[in-house]
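File shown: structure32.txt. Contents: compact mmCIF, C-alpha atoms.
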```
# COMPACT_ATOMS: atom_id res chain seq x y z
CA MET A 1 -11.23 -15.73 -1.98
CA LYS A 2 -12.91 -13.48 0.53
CA ALA A 3 -13.74 -10.07 -0.77
CA ARG A 4 -11.49 -8.35 1.76
CA LEU A 5 -8.38 -10.05 0.43
CA LEU A 6 -8.03 -8.06 -2.77
CA TYR A 7 -10.69 -5.42 -2.53
CA PRO A 8 -13.44 -4.55 -0.01
CA ALA A 9 -16.90 -6.08 -0.11
CA VAL A 10 -19.50 -4.93 -2.59
CA LEU A 11 -20.68 -1.46 -1.69
CA CYS A 12 -24.13 -0.05 -1.14
CA VAL A 13 -23.95 3.36 -2.80
CA LEU A 14 -25.91 6.18 -1.20
CA LEU A 15 -28.01 7.92 -3.81
CA GLY A 16 -29.98 11.13 -3.84
CA GLY A 17 -29.91 14.19 -1.64
CA LEU A 18 -27.84 17.31 -1.75
CA PHE A 19 -24.36 17.26 -0.31
CA MET A 20 -22.67 20.16 1.42
CA SER A 21 -18.92 20.60 1.04
CA ALA A 22 -18.33 20.21 4.76
CA ALA A 23 -20.09 16.85 5.15
CA PRO A 24 -22.44 15.05 2.80
CA GLU A 25 -25.76 14.33 4.46
CA THR A 26 -27.03 10.77 4.71
CA THR A 27 -30.45 9.23 5.12
CA ALA A 28 -31.73 7.12 7.98
CA THR A 29 -30.34 4.11 6.14
CA ALA A 30 -26.76 5.34 6.53
CA LYS A 31 -24.30 2.49 6.65
CA SER A 32 -23.10 2.95 10.20
CA GLN A 33 -20.62 0.08 9.97
CA GLN A 34 -19.15 1.26 6.69
CA SER A 35 -15.86 3.12 6.53
CA PHE A 36 -14.89 5.83 4.07
CA PHE A 37 -12.56 3.35 2.41
CA ASP A 38 -15.42 0.87 2.04
CA ARG A 39 -17.49 3.57 0.41
CA LEU A 40 -14.82 4.30 -2.19
CA ALA A 41 -13.82 0.74 -3.00
CA THR A 42 -14.88 -0.83 -6.29
CA PRO A 43 -13.99 -4.53 -6.41
CA ASN A 44 -11.94 -5.49 -9.46
CA ASP A 45 -12.31 -2.02 -10.94
CA ILE A 46 -10.84 1.48 -10.73
CA THR A 47 -12.23 4.13 -8.39
CA ARG A 48 -12.22 7.63 -9.84
CA PHE A 49 -12.15 10.82 -7.80
CA THR A 50 -10.96 14.41 -7.98
CA LEU A 51 -8.55 16.07 -5.59
CA THR A 52 -8.64 19.87 -5.78
CA PHE A 53 -5.90 21.89 -4.09
CA ASP A 54 -3.11 24.36 -4.73
CA VAL A 55 -1.08 22.18 -7.08
CA ASP A 56 1.37 25.03 -7.63
CA GLY A 57 2.20 24.84 -3.92
CA LEU A 58 3.53 21.25 -4.07
CA ALA A 59 7.13 22.49 -3.88
CA ASP A 60 6.39 24.20 -0.56
CA MET A 61 4.43 21.17 0.66
CA LYS A 62 7.47 18.94 0.09
CA ARG A 63 9.43 21.03 2.61
CA SER A 64 6.70 20.86 5.24
CA GLU A 65 5.08 18.33 7.56
CA ASP A 66 1.90 20.41 7.75
CA TYR A 67 -1.46 19.60 6.23
CA PHE A 68 -2.88 21.78 3.46
CA PRO A 69 -6.56 22.25 2.54
CA ALA A 70 -8.09 20.26 -0.30
CA THR A 71 -11.44 19.13 -1.61
CA PHE A 72 -12.11 15.44 -2.26
CA SER A 73 -14.86 14.85 -4.85
CA HIS A 74 -16.41 11.48 -5.63
CA GLN A 75 -19.71 10.60 -7.29
CA GLY A 76 -21.18 14.05 -6.78
CA GLU A 77 -20.07 14.39 -3.16
CA ASN A 78 -17.58 17.03 -2.07
CA TRP A 79 -15.68 16.49 1.15
CA ASP A 80 -13.51 19.02 2.95
CA ALA A 81 -10.11 17.38 3.33
CA GLU A 82 -6.47 17.99 4.17
CA ILE A 83 -3.40 16.61 2.46
CA LYS A 84 0.31 16.53 3.20
CA VAL A 85 3.38 15.10 1.53
CA ARG A 86 4.66 11.84 2.98
CA GLY A 87 7.83 9.83 2.53
CA ARG A 88 11.47 10.89 2.59
CA TYR A 89 13.24 9.95 -0.60
CA ARG A 90 10.29 10.51 -2.92
CA ARG A 91 9.59 13.99 -1.63
CA ARG A 92 13.07 14.85 -2.90
CA VAL A 93 13.02 13.12 -6.30
CA CYS A 94 9.36 13.16 -7.30
CA ASP A 95 7.63 16.08 -8.97
CA PHE A 96 4.41 14.66 -7.56
CA PRO A 97 5.29 13.00 -4.23
CA PRO A 98 3.07 10.55 -2.35
CA LEU A 99 0.38 12.14 -0.21
CA GLN A 100 -1.55 11.52 2.95
CA LEU A 101 -5.23 12.37 2.89
CA LYS A 102 -7.08 13.26 6.08
CA LEU A 103 -10.77 13.90 6.67
CA SER A 104 -12.53 15.14 9.80
CA LYS A 105 -13.56 12.28 12.09
CA ASP A 106 -16.62 14.23 13.20
CA MET A 107 -17.56 14.82 9.57
CA LEU A 108 -17.32 11.10 8.81
CA GLU A 109 -19.36 10.21 11.86
CA ALA A 110 -22.02 12.76 10.89
CA ALA A 111 -22.21 11.03 7.51
CA GLY A 112 -22.86 7.69 9.19
CA LEU A 113 -19.37 6.34 8.59
CA GLN A 114 -16.66 4.98 10.84
CA ARG A 115 -14.09 7.46 12.14
CA HIS A 116 -11.11 6.00 10.25
CA ASN A 117 -9.88 9.14 8.54
CA LYS A 118 -6.27 8.90 7.31
CA PHE A 119 -5.35 7.35 3.98
CA LYS A 120 -2.07 7.05 2.11
CA LEU A 121 -2.18 7.93 -1.57
CA VAL A 122 0.55 6.47 -3.78
CA THR A 123 1.08 8.86 -6.68
CA HIS A 124 2.74 8.72 -10.09
CA CYS A 125 5.94 10.47 -8.90
CA SER A 126 6.81 12.15 -12.21
CA ASP A 127 5.72 12.24 -15.82
CA ASN A 128 9.38 11.56 -16.68
CA PHE A 129 8.93 8.05 -15.31
CA ASP A 130 6.84 5.13 -16.56
CA ASN A 131 4.17 6.24 -14.15
CA SER A 132 1.30 3.94 -15.09
CA ASP A 133 3.14 0.65 -14.77
CA ASN A 134 5.05 1.74 -11.67
CA VAL A 135 1.76 2.28 -9.86
CA LEU A 136 0.16 -0.84 -11.32
CA ARG A 137 3.16 -2.98 -10.38
CA GLU A 138 3.02 -1.72 -6.79
CA GLN A 139 -0.72 -2.40 -6.63
CA LEU A 140 0.07 -5.91 -7.86
CA ALA A 141 2.53 -6.33 -4.99
CA TYR A 142 -0.20 -5.54 -2.46
CA ASP A 143 -2.53 -7.98 -4.20
CA LEU A 144 0.13 -10.71 -4.17
CA TYR A 145 0.63 -10.27 -0.43
CA HIS A 146 -3.11 -10.66 0.13
CA LEU A 147 -3.21 -13.70 -2.13
CA ILE A 148 -0.42 -15.50 -0.29
CA THR A 149 -1.09 -14.49 3.32
CA GLY A 150 -4.76 -13.46 3.38
CA GLU A 151 -3.79 -10.33 5.32
CA GLY A 152 -2.40 -6.86 4.91
CA TYR A 153 -3.50 -3.39 3.98
CA ARG A 154 -6.49 -3.12 1.70
CA THR A 155 -5.64 -1.02 -1.32
CA GLN A 156 -7.68 0.39 -4.17
CA LEU A 157 -6.40 1.25 -7.63
CA VAL A 158 -7.63 4.76 -8.36
CA GLN A 159 -7.72 7.21 -11.24
CA VAL A 160 -7.15 10.62 -9.68
CA THR A 161 -7.96 13.92 -11.32
CA TYR A 162 -5.65 16.45 -9.73
CA ARG A 163 -7.31 19.84 -10.18
CA ASN A 164 -5.47 23.10 -9.56
CA GLU A 165 -7.78 25.25 -7.47
CA LYS A 166 -6.15 28.44 -8.79
CA THR A 167 -6.08 27.79 -12.52
CA GLY A 168 -8.71 25.09 -12.96
CA GLU A 169 -6.23 22.99 -14.93
CA SER A 170 -6.21 19.27 -14.24
CA VAL A 171 -4.37 16.04 -15.00
CA GLU A 172 -5.41 12.41 -14.55
CA ARG A 173 -3.08 9.74 -13.23
CA PHE A 174 -3.19 6.27 -11.70
CA GLY A 175 -2.72 6.03 -7.95
CA ILE A 176 -3.19 3.65 -5.02
CA LEU A 177 -5.39 4.49 -2.05
CA ILE A 178 -4.36 2.65 1.12
CA GLU A 179 -6.78 2.14 3.98
CA ASP A 180 -6.39 3.75 7.41
CA THR A 181 -3.87 1.85 9.56
CA ASP A 182 -6.32 1.65 12.46
CA GLU A 183 -8.87 0.02 10.18
CA MET A 184 -6.29 -2.50 8.97
CA ALA A 185 -5.27 -3.28 12.56
CA GLN A 186 -8.90 -3.66 13.61
CA ALA A 187 -9.43 -6.25 10.87
CA LEU A 188 -6.47 -8.18 12.26
CA GLY A 189 -8.02 -8.16 15.72
CA GLY A 190 -5.57 -5.70 17.24
CA LYS A 191 -4.25 -2.18 17.45
CA GLU A 192 -1.27 -0.44 15.92
CA CYS A 193 1.78 -0.17 18.15
CA ASP A 194 3.56 3.11 17.38
CA ASP A 195 6.54 2.59 19.69
CA CYS A 196 7.38 -1.06 19.04
CA PHE A 197 11.13 -1.37 18.69
CA ASN A 198 13.30 -4.47 19.11
CA VAL A 199 10.30 -6.70 19.82
CA PRO A 200 11.63 -10.18 20.73
CA GLN A 201 11.10 -12.98 18.23
CA GLU A 202 8.89 -15.02 20.55
CA SER A 203 6.43 -12.13 20.85
CA TYR A 204 5.29 -12.44 17.22
CA VAL A 205 2.49 -14.65 15.96
CA PRO A 206 4.22 -17.85 14.76
CA GLY A 207 5.02 -17.72 11.06
CA ASN A 208 4.32 -14.02 10.57
CA LEU A 209 7.96 -12.93 10.47
CA GLU A 210 8.79 -15.69 8.02
CA GLN A 211 5.87 -14.85 5.74
CA VAL A 212 6.84 -11.19 5.53
CA ALA A 213 10.54 -11.96 5.00
CA MET A 214 9.76 -14.49 2.28
CA PHE A 215 7.35 -12.14 0.53
CA GLN A 216 9.87 -9.30 0.56
CA TYR A 217 12.46 -11.68 -0.84
CA MET A 218 10.01 -12.84 -3.52
CA ILE A 219 9.35 -9.30 -4.79
CA GLY A 220 12.97 -8.25 -4.27
CA ASN A 221 12.36 -5.57 -1.63
CA ALA A 222 15.26 -4.62 0.62
CA ASP A 223 13.72 -1.32 1.71
CA TYR A 224 12.24 -2.38 5.04
CA GLY A 225 13.14 -3.26 8.61
CA VAL A 226 11.44 -4.96 11.54
CA LYS A 227 13.39 -4.39 14.75
CA ILE A 228 13.65 -0.69 13.95
CA PRO A 229 10.47 -0.53 11.88
CA ARG A 230 10.75 0.73 8.35
CA ASN A 231 7.88 0.34 5.91
CA VAL A 232 6.13 -2.09 8.25
CA LYS A 233 3.47 -1.60 10.91
CA HIS A 234 3.26 -3.53 14.16
CA VAL A 235 -0.20 -4.72 15.17
CA GLN A 236 -0.64 -6.09 18.68
CA GLN A 237 -3.33 -8.71 18.93
CA GLN A 238 -6.04 -8.06 21.51
CA ALA A 239 -6.26 -11.79 22.14
CA GLY A 240 -2.94 -12.99 23.55
CA GLY A 241 -0.98 -9.78 23.04
CA GLN A 242 1.28 -11.15 20.30
CA PHE A 243 2.39 -9.02 17.37
CA LYS A 244 2.04 -9.14 13.62
CA ILE A 245 3.96 -7.01 11.18
CA VAL A 246 2.25 -5.72 8.06
CA PRO A 247 4.40 -4.45 5.17
CA TYR A 248 3.70 -1.53 2.85
CA ASP A 249 5.50 0.72 0.32
CA PHE A 250 6.96 -1.64 -2.27
CA ASP A 251 8.15 0.88 -4.84
CA PHE A 252 11.84 0.08 -4.24
CA SER A 253 11.28 -3.61 -4.96
CA GLY A 254 12.62 -5.42 -7.98
CA LEU A 255 9.07 -6.35 -8.95
CA VAL A 256 8.12 -2.67 -9.32
CA ASP A 257 11.58 -1.68 -10.61
CA ALA A 258 10.81 2.04 -10.42
CA GLU A 259 13.17 4.30 -12.33
CA TYR A 260 13.93 6.34 -9.22
CA ALA A 261 14.59 3.34 -6.94
CA ARG A 262 18.11 2.87 -5.56
CA PRO A 263 19.85 -0.24 -4.15
CA ASN A 264 20.22 -0.59 -0.39
CA PRO A 265 23.81 0.57 0.31
CA ASN A 266 23.83 -1.05 3.77
CA LEU A 267 23.46 -4.50 2.20
CA ASP A 268 25.88 -4.11 -0.72
CA GLN A 269 22.93 -4.54 -3.05
CA SER A 270 24.16 -3.86 -6.58
CA HIS A 271 20.74 -3.24 -8.18
CA VAL A 272 17.15 -3.18 -6.97
CA LYS A 273 16.26 -6.47 -8.67
CA GLN A 274 18.94 -8.31 -6.69
CA ARG A 275 17.14 -10.34 -4.02
CA MET A 276 18.45 -9.96 -0.48
CA TRP A 277 17.31 -12.28 2.32
CA MET A 278 16.70 -10.01 5.32
CA TRP A 279 16.32 -11.71 8.69
CA GLU A 280 16.97 -9.96 11.99
CA PHE A 281 16.19 -12.80 14.39
CA GLY A 282 17.39 -16.16 15.64
CA PRO A 283 16.75 -19.62 14.17
CA SER A 284 13.28 -20.19 12.72
CA ASN A 285 11.19 -23.30 13.30
CA THR A 286 8.59 -22.44 10.67
CA LEU A 287 10.57 -21.37 7.60
CA ASP A 288 10.08 -24.73 5.86
CA THR A 289 6.34 -24.40 6.39
CA THR A 290 6.47 -20.89 4.91
CA ILE A 291 8.35 -22.15 1.85
CA GLN A 292 5.68 -24.78 1.27
CA GLN A 293 2.98 -22.14 1.67
CA PHE A 294 4.57 -20.02 -1.05
CA LEU A 295 5.11 -23.00 -3.34
CA ALA A 296 1.45 -23.97 -2.99
CA LYS A 297 0.48 -20.51 -4.26
CA GLU A 298 2.74 -20.52 -7.34
CA GLY A 299 -0.03 -21.27 -9.82
CA ALA A 300 -2.35 -18.65 -8.35
CA VAL A 301 0.46 -16.08 -8.29
CA MET A 302 1.29 -16.59 -11.94
CA GLN A 303 -2.37 -16.54 -12.92
CA LEU A 304 -2.88 -13.25 -11.08
CA VAL A 305 0.01 -11.68 -12.99
CA ASP A 306 -1.14 -13.07 -16.33
CA ASN A 307 -4.70 -11.77 -15.89
CA TYR A 308 -3.83 -8.49 -14.19
CA PRO A 309 -5.88 -5.68 -15.76
CA HIS A 310 -4.27 -2.57 -17.30
CA LEU A 311 -0.73 -3.97 -16.89
CA SER A 312 1.25 -3.93 -20.13
CA LYS A 313 2.28 -7.19 -21.80
CA SER A 314 5.95 -6.31 -21.41
CA SER A 315 5.51 -5.76 -17.66
CA LYS A 316 3.70 -9.08 -17.35
CA ARG A 317 6.56 -10.86 -19.14
CA GLN A 318 9.18 -9.21 -16.93
CA ILE A 319 7.30 -9.94 -13.71
CA THR A 320 6.55 -13.54 -14.68
CA LYS A 321 10.24 -14.14 -15.38
CA TYR A 322 11.27 -12.44 -12.13
CA LEU A 323 8.83 -14.41 -9.99
CA GLY A 324 9.68 -17.58 -11.87
CA GLU A 325 13.30 -17.23 -10.79
CA PHE A 326 12.14 -16.97 -7.17
CA TYR A 327 10.06 -20.12 -7.40
CA SER A 328 12.84 -22.00 -9.15
CA SER A 329 15.17 -21.20 -6.26
CA LEU A 330 12.66 -22.71 -3.82
CA GLN A 331 12.13 -25.81 -5.93
CA ASP A 332 15.72 -26.65 -6.79
CA GLY A 333 17.10 -25.88 -3.32
CA THR A 334 19.35 -22.99 -4.35
CA PHE A 335 17.49 -20.72 -1.92
CA TYR A 336 19.29 -20.73 1.40
CA ALA A 337 18.28 -18.34 4.13
CA GLY A 338 20.64 -19.49 6.85
CA VAL A 339 17.81 -19.19 9.38
```
Once more with this new file: its structure as structure tokens, please.
Amino acid sequence: MKARLLYPAVLCVLLGGLFMSAAPETTATAKSQQSFFDRLATPNDITRFTLTFDVDGLADMKRSEDYFPATFSHQGENWDAEIKVRGRYRRRVCDFPPLQLKLSKDMLEAAGLQRHNKFKLVTHCSDNFDNSDNVLREQLAYDLYHLITGEGYRTQLVQVTYRNEKTGESVERFGILIEDTDEMAQALGGKECDDCFNVPQESYVPGNLEQVAMFQYMIGNADYGVKIPRNVKHVQQQAGGQFKIVPYDFDFSGLVDAEYARPNPNLDQSHVKQRMWMWEFGPSNTLDTTIQQFLAKEGAVMQLVDNYPHLSKSSKRQITKYLGEFYSSLQDGTFYAGV
């Protein structure tokens, strides 16, 4: 599997030199083609960093769309950063809501890096929840999408030290760092389309809609939409102008089964583990091909779950059973999409 599919390529780490808080200096050998995400990524391992900010101000941040100052520290480098709370539901129910991290594009460029500067950070939500496995299960969902489709957002499992700039107190929690959307779109040979609504079926790359719908059905996620985009991004291909959708945010899926997740009331979903086939378009000519694609990956999917690091044995058993039910429905013909 290509390195990009689960984690970025092996990094060349810049060593030596003193680093100022505004922008770490680089040598003449700066990796001009490397992005900040590339620099942080550690294939098949956990990346550790510290985020220092006014932790006591999180309650005010949840009521605001503004960015707040922070310091991002990694391997001896300190970067001036900004963070803001993202999401809707989780900013209401989570003590520690998901964040968006932003760095200065000029600062990145001065450090010899690409200008991709915005990153989603999936957090642990609350210590009242099973925070470790929630995050690990969602990271697994991203990895499964890469495994089956070869595309999608790159994500990195991280161990974040959240340090209170006022008191010096800190806590460590698992999280997921998600690459800049522009960087993801660039890898797909296109650009993000911010105002893509009600895109006609024939304007999508053949098979893309079916792949996403089948994957969401596989993990039991009913918290997304395509025509009016919700938890998906539209990428318009530079060659040919067709679109691809790329999903993200899987915490409401049955595979993750987060304690705070709620069923989709618009679909009469009784519980989050109840699979709902969501299709907003006309008849599909490629659904059978998509089914065969997923069936061909069954062994690799189950192996990924069985060998997934840090995930508890009980979570592995639950996920294996849940995915096994999906594959059984494809094999015995009880799956019917009506497409």
Can you pull out the residues contacting A:Glu192? Cut-off 12 Å, using all atoms listed in the file, and skip same-chain residues under 2 positions away; I want them as a ChimeraX atom specification. /A:180-190,194-196,232-238,241-246
Limited to C-alpha atoms, could you put the picked residues into a file as a compact mmCIF listing (two decimals), in the frame of the given file?
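Saved the output as selection-v5.txt:
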```txt
# COMPACT_ATOMS: atom_id res chain seq x y z
CA ASP A 180 -6.39 3.75 7.41
CA THR A 181 -3.87 1.85 9.56
CA ASP A 182 -6.32 1.65 12.46
CA GLU A 183 -8.87 0.02 10.18
CA MET A 184 -6.29 -2.50 8.97
CA ALA A 185 -5.27 -3.28 12.56
CA GLN A 186 -8.90 -3.66 13.61
CA ALA A 187 -9.43 -6.25 10.87
CA LEU A 188 -6.47 -8.18 12.26
CA GLY A 189 -8.02 -8.16 15.72
CA GLY A 190 -5.57 -5.70 17.24
CA ASP A 194 3.56 3.11 17.38
CA ASP A 195 6.54 2.59 19.69
CA CYS A 196 7.38 -1.06 19.04
CA VAL A 232 6.13 -2.09 8.25
CA LYS A 233 3.47 -1.60 10.91
CA HIS A 234 3.26 -3.53 14.16
CA VAL A 235 -0.20 -4.72 15.17
CA GLN A 236 -0.64 -6.09 18.68
CA GLN A 237 -3.33 -8.71 18.93
CA GLN A 238 -6.04 -8.06 21.51
CA GLY A 241 -0.98 -9.78 23.04
CA GLN A 242 1.28 -11.15 20.30
CA PHE A 243 2.39 -9.02 17.37
CA LYS A 244 2.04 -9.14 13.62
CA ILE A 245 3.96 -7.01 11.18
CA VAL A 246 2.25 -5.72 8.06
```
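Among the candidate residues A:Gly207, A:Pro309, A:Gly152, A:Gly225, the one lying nearest to A:Asn44 is A:Pro309, with distances computed using all atoms listed in the file.
The spacing separating atom CA of A:Arg90 from atom CA of A:Ser170 amounts to 21.8 Å.
For the set A:Thr290, A:Thr50, A:Asn285, A:Gln34, the residue with the smallest atom-to-atom gap to A:Leu330 is A:Thr290, counting all atoms listed in the file.
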So which residues touch A:Val135 within 8 Å, counting all atoms listed in the file, skipping near sequence neighbours fewer than 5 positions away, as a PyMOL selection string? chain A and resi 122-124+174-176
Output C-alpha atoms for every residue in that selection, as an mmCIF file, keeping the file's coordinate frame.
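Output file out13.cif follows:
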```
data_model
loop_
_atom_site.group_PDB
_atom_site.id
_atom_site.type_symbol
_atom_site.label_atom_id
_atom_site.label_comp_id
_atom_site.auth_asym_id
_atom_site.auth_seq_id
_atom_site.Cartn_x
_atom_site.Cartn_y
_atom_site.Cartn_z
ATOM 1 C CA VAL A 122 0.550 6.470 -3.780
ATOM 2 C CA THR A 123 1.080 8.860 -6.680
ATOM 3 C CA HIS A 124 2.740 8.720 -10.090
ATOM 4 C CA PHE A 174 -3.190 6.270 -11.700
ATOM 5 C CA GLY A 175 -2.720 6.030 -7.950
ATOM 6 C CA ILE A 176 -3.190 3.650 -5.020
#
```
List the neighbours of A:Tyr89 out to 12 Å using only C-alpha atoms; skip same-chain residues closer than 5 positions along the sequence, and give me the result as a PyMOL selection string. chain A and resi 62+94-95+97-98+125+223+251-252+260-262
Is there a way to get, as a short mmCIF file (atom, residue, chain, number, x, y, z; two decimals) with C-alpha atoms, keeping the file's coordinate frame, all residues within 12 Å of the point (-5.8, 14.7, -2.7) in file coordinates, counting only C-alpha atoms?
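out-v5.cif was written with the following content:
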```
data_model
loop_
_atom_site.label_atom_id
_atom_site.label_comp_id
_atom_site.auth_asym_id
_atom_site.auth_seq_id
_atom_site.Cartn_x
_atom_site.Cartn_y
_atom_site.Cartn_z
CA ARG A 48 -12.22 7.63 -9.84
CA PHE A 49 -12.15 10.82 -7.80
CA THR A 50 -10.96 14.41 -7.98
CA LEU A 51 -8.55 16.07 -5.59
CA THR A 52 -8.64 19.87 -5.78
CA PHE A 53 -5.90 21.89 -4.09
CA ASP A 54 -3.11 24.36 -4.73
CA VAL A 55 -1.08 22.18 -7.08
CA LEU A 58 3.53 21.25 -4.07
CA TYR A 67 -1.46 19.60 6.23
CA PHE A 68 -2.88 21.78 3.46
CA PRO A 69 -6.56 22.25 2.54
CA ALA A 70 -8.09 20.26 -0.30
CA THR A 71 -11.44 19.13 -1.61
CA PHE A 72 -12.11 15.44 -2.26
CA SER A 73 -14.86 14.85 -4.85
CA HIS A 74 -16.41 11.48 -5.63
CA TRP A 79 -15.68 16.49 1.15
CA ASP A 80 -13.51 19.02 2.95
CA ALA A 81 -10.11 17.38 3.33
CA GLU A 82 -6.47 17.99 4.17
CA ILE A 83 -3.40 16.61 2.46
CA LYS A 84 0.31 16.53 3.20
CA VAL A 85 3.38 15.10 1.53
CA PHE A 96 4.41 14.66 -7.56
CA PRO A 97 5.29 13.00 -4.23
CA PRO A 98 3.07 10.55 -2.35
CA LEU A 99 0.38 12.14 -0.21
CA GLN A 100 -1.55 11.52 2.95
CA LEU A 101 -5.23 12.37 2.89
CA LYS A 102 -7.08 13.26 6.08
CA LEU A 103 -10.77 13.90 6.67
CA LYS A 118 -6.27 8.90 7.31
CA PHE A 119 -5.35 7.35 3.98
CA LYS A 120 -2.07 7.05 2.11
CA LEU A 121 -2.18 7.93 -1.57
CA VAL A 122 0.55 6.47 -3.78
CA THR A 123 1.08 8.86 -6.68
CA VAL A 158 -7.63 4.76 -8.36
CA GLN A 159 -7.72 7.21 -11.24
CA VAL A 160 -7.15 10.62 -9.68
CA THR A 161 -7.96 13.92 -11.32
CA TYR A 162 -5.65 16.45 -9.73
CA ARG A 163 -7.31 19.84 -10.18
CA ASN A 164 -5.47 23.10 -9.56
CA GLU A 165 -7.78 25.25 -7.47
CA ARG A 173 -3.08 9.74 -13.23
CA GLY A 175 -2.72 6.03 -7.95
CA ILE A 176 -3.19 3.65 -5.02
CA LEU A 177 -5.39 4.49 -2.05
#
```
If you count all atoms listed in the file, the residue of A:Leu147, A:Leu157, A:Trp277, A:Leu209 closest to A:Met302 turns out to be A:Leu147
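Closest to A:Gln293 among A:Thr320, A:Gln211, A:Thr47, A:Gln139 is A:Gln211, based on all atoms listed in the file.
Of note, atom CA of A:Leu108 and atom CA of A:Ile178 are spaced 17.3 Å apart.
With all atoms listed in the file as the atoms that count, the residue of A:Met278, A:Cys193, A:Ala239, A:Leu323 with the shortest distance to A:Gln216 is A:Met278.
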Hey, what's within 10 Å of A:Asp143 if we count all atoms listed in the file and toss same-chain stuff fewer than 2 positions away? As a list in words, please? Leu5, Leu6, Tyr7, Arg137, Glu138, Gln139, Leu140, Ala141, Tyr145, His146, Leu147, Ile148, Gly150, Glu151, Gly152, Tyr153, Arg154, Thr155, Gln156, Val301, Leu304 and Val305 of chain A
Which protein, DNA or RNA residues have an atom at most 8 Å from (9.1, -10.0, 17.1), counting all atoms listed in the file? List them as a PDB file with C-alpha atoms, in the coordinates of the input.
```pdb
ATOM      1  CA  ASN A 198      13.300  -4.470  19.110  1.00  0.00           C
ATOM      2  CA  VAL A 199      10.300  -6.700  19.820  1.00  0.00           C
ATOM      3  CA  PRO A 200      11.630 -10.180  20.730  1.00  0.00           C
ATOM      4  CA  GLN A 201      11.100 -12.980  18.230  1.00  0.00           C
ATOM      5  CA  GLU A 202       8.890 -15.020  20.550  1.00  0.00           C
ATOM      6  CA  SER A 203       6.430 -12.130  20.850  1.00  0.00           C
ATOM      7  CA  TYR A 204       5.290 -12.440  17.220  1.00  0.00           C
ATOM      8  CA  LEU A 209       7.960 -12.930  10.470  1.00  0.00           C
ATOM      9  CA  VAL A 226      11.440  -4.960  11.540  1.00  0.00           C
ATOM     10  CA  LYS A 227      13.390  -4.390  14.750  1.00  0.00           C
ATOM     11  CA  PHE A 243       2.390  -9.020  17.370  1.00  0.00           C
ATOM     12  CA  LYS A 244       2.040  -9.140  13.620  1.00  0.00           C
TER      13      LYS A 244
END
```
Would you kindly place N, CA, C and O atoms on stretch 101-110 of chain A and return the model as a compact mmCIF listing (two decimals), keeping the file's coordinate frame?
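Contents of the output file result.txt:
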```txt
# COMPACT_ATOMS: atom_id res chain seq x y z
N LEU A 101 -3.93 11.70 2.92
CA LEU A 101 -5.23 12.37 2.89
C LEU A 101 -5.88 12.21 4.25
O LEU A 101 -5.91 11.11 4.82
N LYS A 102 -6.42 13.31 4.78
CA LYS A 102 -7.08 13.26 6.08
C LYS A 102 -8.43 13.96 6.00
O LYS A 102 -8.53 15.07 5.46
N LEU A 103 -9.44 13.31 6.55
CA LEU A 103 -10.77 13.90 6.67
C LEU A 103 -11.09 14.10 8.15
O LEU A 103 -10.45 13.52 9.02
N SER A 104 -12.09 14.91 8.43
CA SER A 104 -12.53 15.14 9.80
C SER A 104 -13.26 13.90 10.32
O SER A 104 -14.19 13.40 9.68
N LYS A 105 -12.87 13.41 11.50
CA LYS A 105 -13.56 12.28 12.09
C LYS A 105 -15.01 12.61 12.41
O LYS A 105 -15.91 11.79 12.21
N ASP A 106 -15.24 13.82 12.89
CA ASP A 106 -16.62 14.23 13.20
C ASP A 106 -17.46 14.30 11.93
O ASP A 106 -18.64 13.95 11.94
N MET A 107 -16.85 14.75 10.83
CA MET A 107 -17.56 14.82 9.57
C MET A 107 -17.95 13.43 9.09
O MET A 107 -19.07 13.20 8.63
N LEU A 108 -17.02 12.48 9.22
CA LEU A 108 -17.32 11.10 8.81
C LEU A 108 -18.43 10.51 9.66
O LEU A 108 -19.35 9.85 9.15
N GLU A 109 -18.35 10.74 10.96
CA GLU A 109 -19.36 10.21 11.86
C GLU A 109 -20.74 10.81 11.55
O GLU A 109 -21.76 10.11 11.57
N ALA A 110 -20.76 12.11 11.24
CA ALA A 110 -22.02 12.76 10.89
C ALA A 110 -22.61 12.18 9.61
O ALA A 110 -23.83 12.22 9.41
```
